[in-house]
Structures are given as structure tokens and as C-alpha cells.
Amino acid sequence: MRLAENGTLRVRLARGVGLLAADKGGTSDPYVVVQLGKTKHKSKVIKKTLDPEWNETFDFVKLSLRELVESQLLLHAFDYDGRLSKADDLGVASVS
């Protein structure tokens, strides 16, 4: 049996629990950047919560088996502060 040379990795971003509070009032407006190699996807912003539910799916297409083995999936959470302000860093995780 031969493995496919290229494929798609589908990542489901379900929710966050107990995120850091970055805004006045003790909440955040979180979103996540999901990255594999040079490809990035950004989730929607969920307003005023520390327990966001995104329920979003992101596809990384035309990946070789080598790319999957050698790359880490990065999930970087931010607090959205508007278009004119820099987002606050809420944390990062990686999956081999």
C-alpha cells in the first residue's frame, strides 16, 4: 500500500477554557491563529469571555507527508483590542 503524496490536514478549533483576562472588566476578546508551516488561519473573535466557543474548522491543503512529519501545528491565542491597537498575547501551544 502506498501513502498519498499530498493530502489535507483538517483542524477543528472547538473552544477555550479559563483564558487570561486582558481587558477591563475581567474578560478578553479572544481569537486564535492556527499555523502549520507558512500557512496561517485566523479564527473569529469571541467578545467578552474567558471561555470562548469557536467551533471552526481549518484546512491545510496539499501537504506532503514530509511536511506533516516535520512541522508543528501552532495555536496562538490573542486578545483583540481593535484595529488600531496591538493584540495582547494570551498564550501559545504546539502539537507535533
# chains A, B, ... in the order shown; residues from 1 in each chain; ligands from 1
>>> select_by_dssp(residues="chain A", states="alpha helix (DSSP H)", output="list in words")
Leu65, Arg66, Glu67, Leu68, Val69 and Glu70 of chain A
>>> write_last_selection(atoms="C-alpha atoms", output="compact mmCIF listing (two decimals), in the first residue's frame")
# COMPACT_ATOMS: atom_id res chain seq x y z
CA LEU A 65 3.74 13.52 4.34
CA ARG A 66 7.17 15.05 4.94
CA GLU A 67 5.61 18.47 5.77
CA LEU A 68 3.26 16.83 8.27
CA VAL A 69 6.05 14.93 9.98
CA GLU A 70 8.49 17.85 10.11
>>> residues_around(residues="Trp54 (chain A)", least_positions_apart="3", cutoff="7 Å", atoms="only C-alpha atoms", output="list in words")
Leu13, Ala14 and Arg15 of chain A
>>> residues_around(residues="Leu75 (chain A)", least_positions_apart="3", cutoff="8 Å", atoms="only C-alpha atoms", output="ChimeraX atom specification")
/A:32-35,92-94
>>> residues_around(residues="region 84-90 of chain A", least_positions_apart="3", cutoff="8 Å", atoms="only C-alpha atoms", output="mmCIF file with all heavy atoms, in the first residue's frame")
data_model
loop_
_atom_site.group_PDB
_atom_site.id
_atom_site.type_symbol
_atom_site.label_atom_id
_atom_site.label_comp_id
_atom_site.auth_asym_id
_atom_site.auth_seq_id
_atom_site.Cartn_x
_atom_site.Cartn_y
_atom_site.Cartn_z
ATOM 1 N N LEU A 19 -9.262 31.220 29.853
ATOM 2 C CA LEU A 19 -8.222 32.075 29.271
ATOM 3 C C LEU A 19 -7.911 33.251 30.196
ATOM 4 O O LEU A 19 -8.679 33.568 31.106
ATOM 5 C CB LEU A 19 -8.676 32.595 27.903
ATOM 6 C CG LEU A 19 -8.932 31.553 26.825
ATOM 7 C CD1 LEU A 19 -9.325 32.231 25.518
ATOM 8 C CD2 LEU A 19 -7.738 30.649 26.620
ATOM 9 N N LEU A 20 -6.781 33.901 29.943
ATOM 10 C CA LEU A 20 -6.383 35.062 30.732
ATOM 11 C C LEU A 20 -7.304 36.247 30.465
ATOM 12 O O LEU A 20 -7.737 36.460 29.325
ATOM 13 C CB LEU A 20 -4.949 35.461 30.380
ATOM 14 C CG LEU A 20 -3.862 34.452 30.695
ATOM 15 C CD1 LEU A 20 -2.525 34.941 30.140
ATOM 16 C CD2 LEU A 20 -3.763 34.214 32.184
ATOM 17 N N ALA A 22 -7.629 40.023 29.806
ATOM 18 C CA ALA A 22 -6.744 41.068 29.292
ATOM 19 C C ALA A 22 -7.434 42.426 29.192
ATOM 20 O O ALA A 22 -6.784 43.427 28.909
ATOM 21 C CB ALA A 22 -6.202 40.654 27.922
ATOM 22 N N HIS A 76 -1.959 29.966 18.583
ATOM 23 C CA HIS A 76 -1.560 31.159 19.323
ATOM 24 C C HIS A 76 -2.809 31.990 19.611
ATOM 25 O O HIS A 76 -3.472 32.460 18.695
ATOM 26 C CB HIS A 76 -0.559 31.965 18.495
ATOM 27 C CG HIS A 76 0.252 32.903 19.309
ATOM 28 N ND1 HIS A 76 1.492 33.325 18.925
ATOM 29 C CD2 HIS A 76 0.029 33.511 20.500
ATOM 30 C CE1 HIS A 76 1.985 34.156 19.834
ATOM 31 N NE2 HIS A 76 1.102 34.278 20.799
ATOM 32 N N ALA A 77 -3.134 32.150 20.903
ATOM 33 C CA ALA A 77 -4.323 32.893 21.318
ATOM 34 C C ALA A 77 -3.970 34.346 21.597
ATOM 35 O O ALA A 77 -2.938 34.647 22.196
ATOM 36 C CB ALA A 77 -4.938 32.246 22.557
ATOM 37 N N PHE A 78 -4.852 35.226 21.159
ATOM 38 C CA PHE A 78 -4.682 36.666 21.350
ATOM 39 C C PHE A 78 -5.980 37.277 21.858
ATOM 40 O O PHE A 78 -7.063 36.731 21.646
ATOM 41 C CB PHE A 78 -4.342 37.353 20.017
ATOM 42 C CG PHE A 78 -3.029 36.944 19.426
ATOM 43 C CD1 PHE A 78 -2.963 35.938 18.484
ATOM 44 C CD2 PHE A 78 -1.858 37.582 19.799
ATOM 45 C CE1 PHE A 78 -1.755 35.568 17.913
ATOM 46 C CE2 PHE A 78 -0.637 37.215 19.232
ATOM 47 C CZ PHE A 78 -0.592 36.207 18.297
ATOM 48 N N ASP A 79 -5.850 38.457 22.477
ATOM 49 C CA ASP A 79 -6.998 39.281 22.848
ATOM 50 C C ASP A 79 -7.091 40.422 21.841
ATOM 51 O O ASP A 79 -6.146 41.195 21.693
ATOM 52 C CB ASP A 79 -6.828 39.839 24.263
ATOM 53 C CG ASP A 79 -7.879 40.880 24.591
ATOM 54 O OD1 ASP A 79 -9.080 40.551 24.528
ATOM 55 O OD2 ASP A 79 -7.509 42.033 24.892
ATOM 56 N N TYR A 80 -8.211 40.508 21.153
ATOM 57 C CA TYR A 80 -8.422 41.546 20.147
ATOM 58 C C TYR A 80 -8.682 42.879 20.832
ATOM 59 O O TYR A 80 -9.537 42.982 21.720
ATOM 60 C CB TYR A 80 -9.609 41.167 19.259
ATOM 61 C CG TYR A 80 -9.912 42.177 18.188
ATOM 62 C CD1 TYR A 80 -9.111 42.273 17.066
ATOM 63 C CD2 TYR A 80 -11.004 43.032 18.299
ATOM 64 C CE1 TYR A 80 -9.388 43.188 16.065
ATOM 65 C CE2 TYR A 80 -11.281 43.950 17.303
ATOM 66 C CZ TYR A 80 -10.468 44.034 16.194
ATOM 67 O OH TYR A 80 -10.749 44.944 15.219
ATOM 68 N N ASP A 81 -7.942 43.919 20.422
ATOM 69 C CA ASP A 81 -8.082 45.248 21.019
ATOM 70 C C ASP A 81 -8.477 46.316 20.005
ATOM 71 O O ASP A 81 -8.282 47.488 20.256
ATOM 72 C CB ASP A 81 -6.774 45.657 21.707
ATOM 73 C CG ASP A 81 -6.572 44.943 23.026
ATOM 74 O OD1 ASP A 81 -7.561 44.584 23.676
ATOM 75 O OD2 ASP A 81 -5.412 44.728 23.398
#
>>> residues_around(residues="Gly25 (chain A)", least_positions_apart="3", cutoff="12 Å", atoms="only C-alpha atoms", output="PyMOL selection string")
chain A and resi 21-22+28-29+48-50
>>> atom_distance(atom1="CA of Val45 (chain A)", atom2="CA of Tyr31 (chain A)")
4.7 Å
>>> select_by_dssp(residues="chain A", states="strand (DSSP E)", output="PyMOL selection string")
chain A and resi 6-15+30-36+39-42+53-64+73-79+88-95
>>> atom_distance(atom1="CA of Lys44 (chain A)", atom2="CA of Val95 (chain A)")
21.2 Å
>>> residues_around(residues="Thr39 (chain A)", least_positions_apart="6", cutoff="10 Å", atoms="only C-alpha atoms", output="VMD selection string")
chain A and resid 59 to 61
>>> residues_around(residues="Gly16 (chain A)", least_positions_apart="2", cutoff="7 Å", atoms="only C-alpha atoms", output="count of residues only")
5
>>> atom_distance(atom1="CA of Glu5 (chain A)", atom2="CA of Leu63 (chain A)")
8.1 Å
>>> decode(residues="region 4-94 of chain A", atoms="C-alpha atoms", output="compact mmCIF listing (two decimals), in the first residue's frame")
# COMPACT_ATOMS: atom_id res chain seq x y z
CA ALA A 4 -0.75 9.53 -0.88
CA GLU A 5 1.93 12.06 -1.79
CA ASN A 6 -0.22 15.06 -0.89
CA GLY A 7 -3.18 15.47 1.39
CA THR A 8 -5.20 17.78 3.58
CA LEU A 9 -4.99 18.23 7.33
CA ARG A 10 -8.28 19.40 8.84
CA VAL A 11 -8.05 21.06 12.26
CA ARG A 12 -11.12 21.74 14.40
CA LEU A 13 -10.83 24.58 16.92
CA ALA A 14 -13.57 23.80 19.43
CA ARG A 15 -13.22 26.05 22.47
CA GLY A 16 -11.01 27.61 25.10
CA VAL A 17 -11.44 27.32 28.85
CA GLY A 18 -10.14 29.69 31.53
CA LEU A 19 -8.22 32.07 29.27
CA LEU A 20 -6.38 35.06 30.73
CA ALA A 21 -8.32 38.27 31.34
CA ALA A 22 -6.74 41.07 29.29
CA ASP A 23 -9.49 43.71 29.28
CA LYS A 24 -11.06 45.95 31.89
CA GLY A 25 -13.93 44.11 33.48
CA GLY A 26 -12.04 40.83 33.76
CA THR A 27 -12.69 39.38 30.31
CA SER A 28 -10.96 39.10 26.92
CA ASP A 29 -11.99 39.19 23.26
CA PRO A 30 -10.08 36.06 22.21
CA TYR A 31 -9.16 34.72 18.80
CA VAL A 32 -6.65 32.08 17.71
CA VAL A 33 -4.11 31.97 14.88
CA VAL A 34 -3.62 28.36 13.75
CA GLN A 35 -0.36 27.86 11.82
CA LEU A 36 1.29 24.94 10.08
CA GLY A 37 4.50 25.85 8.26
CA LYS A 38 3.92 29.12 6.43
CA THR A 39 0.12 28.70 6.23
CA LYS A 40 -1.96 30.56 8.82
CA HIS A 41 -5.68 30.68 9.58
CA LYS A 42 -7.36 33.11 11.99
CA SER A 43 -10.48 32.28 13.99
CA LYS A 44 -13.34 34.66 14.60
CA VAL A 45 -13.16 36.96 17.64
CA ILE A 46 -15.45 36.00 20.52
CA LYS A 47 -16.30 39.08 22.57
CA LYS A 48 -16.06 39.42 26.36
CA THR A 49 -15.36 35.87 27.52
CA LEU A 50 -12.71 33.69 29.13
CA ASP A 51 -14.40 30.52 27.85
CA PRO A 52 -14.86 31.06 24.09
CA GLU A 53 -16.53 28.54 21.77
CA TRP A 54 -15.31 28.84 18.19
CA ASN A 55 -16.41 25.55 16.61
CA GLU A 56 -14.41 26.38 13.47
CA THR A 57 -12.61 24.10 11.03
CA PHE A 58 -9.44 24.99 9.13
CA ASP A 59 -7.97 23.04 6.21
CA PHE A 60 -4.27 22.90 5.41
CA VAL A 61 -4.24 21.62 1.83
CA LYS A 62 -1.71 19.99 -0.49
CA LEU A 63 0.57 18.88 2.33
CA SER A 64 3.19 16.25 1.77
CA LEU A 65 3.74 13.52 4.34
CA ARG A 66 7.17 15.05 4.94
CA GLU A 67 5.61 18.47 5.77
CA LEU A 68 3.26 16.83 8.27
CA VAL A 69 6.05 14.93 9.98
CA GLU A 70 8.49 17.85 10.11
CA SER A 71 6.09 20.67 11.03
CA GLN A 72 4.46 21.64 14.30
CA LEU A 73 0.90 22.86 14.47
CA LEU A 74 0.93 26.15 16.40
CA LEU A 75 -2.11 27.59 18.15
CA HIS A 76 -1.56 31.16 19.32
CA ALA A 77 -4.32 32.89 21.32
CA PHE A 78 -4.68 36.67 21.35
CA ASP A 79 -7.00 39.28 22.85
CA TYR A 80 -8.42 41.55 20.15
CA ASP A 81 -8.08 45.25 21.02
CA GLY A 82 -9.39 46.89 17.87
CA ARG A 83 -7.83 47.71 14.53
CA LEU A 84 -5.56 50.47 15.81
CA SER A 85 -4.15 48.59 18.82
CA LYS A 86 -1.79 45.63 19.04
CA ALA A 87 -3.43 42.40 20.20
CA ASP A 88 -2.49 41.11 23.65
CA ASP A 89 -0.78 37.70 23.78
CA LEU A 90 -2.87 35.15 25.70
CA GLY A 91 -0.65 32.11 25.13
CA VAL A 92 0.63 29.57 22.64
CA ALA A 93 0.54 25.77 22.27
CA SER A 94 2.09 23.41 19.75
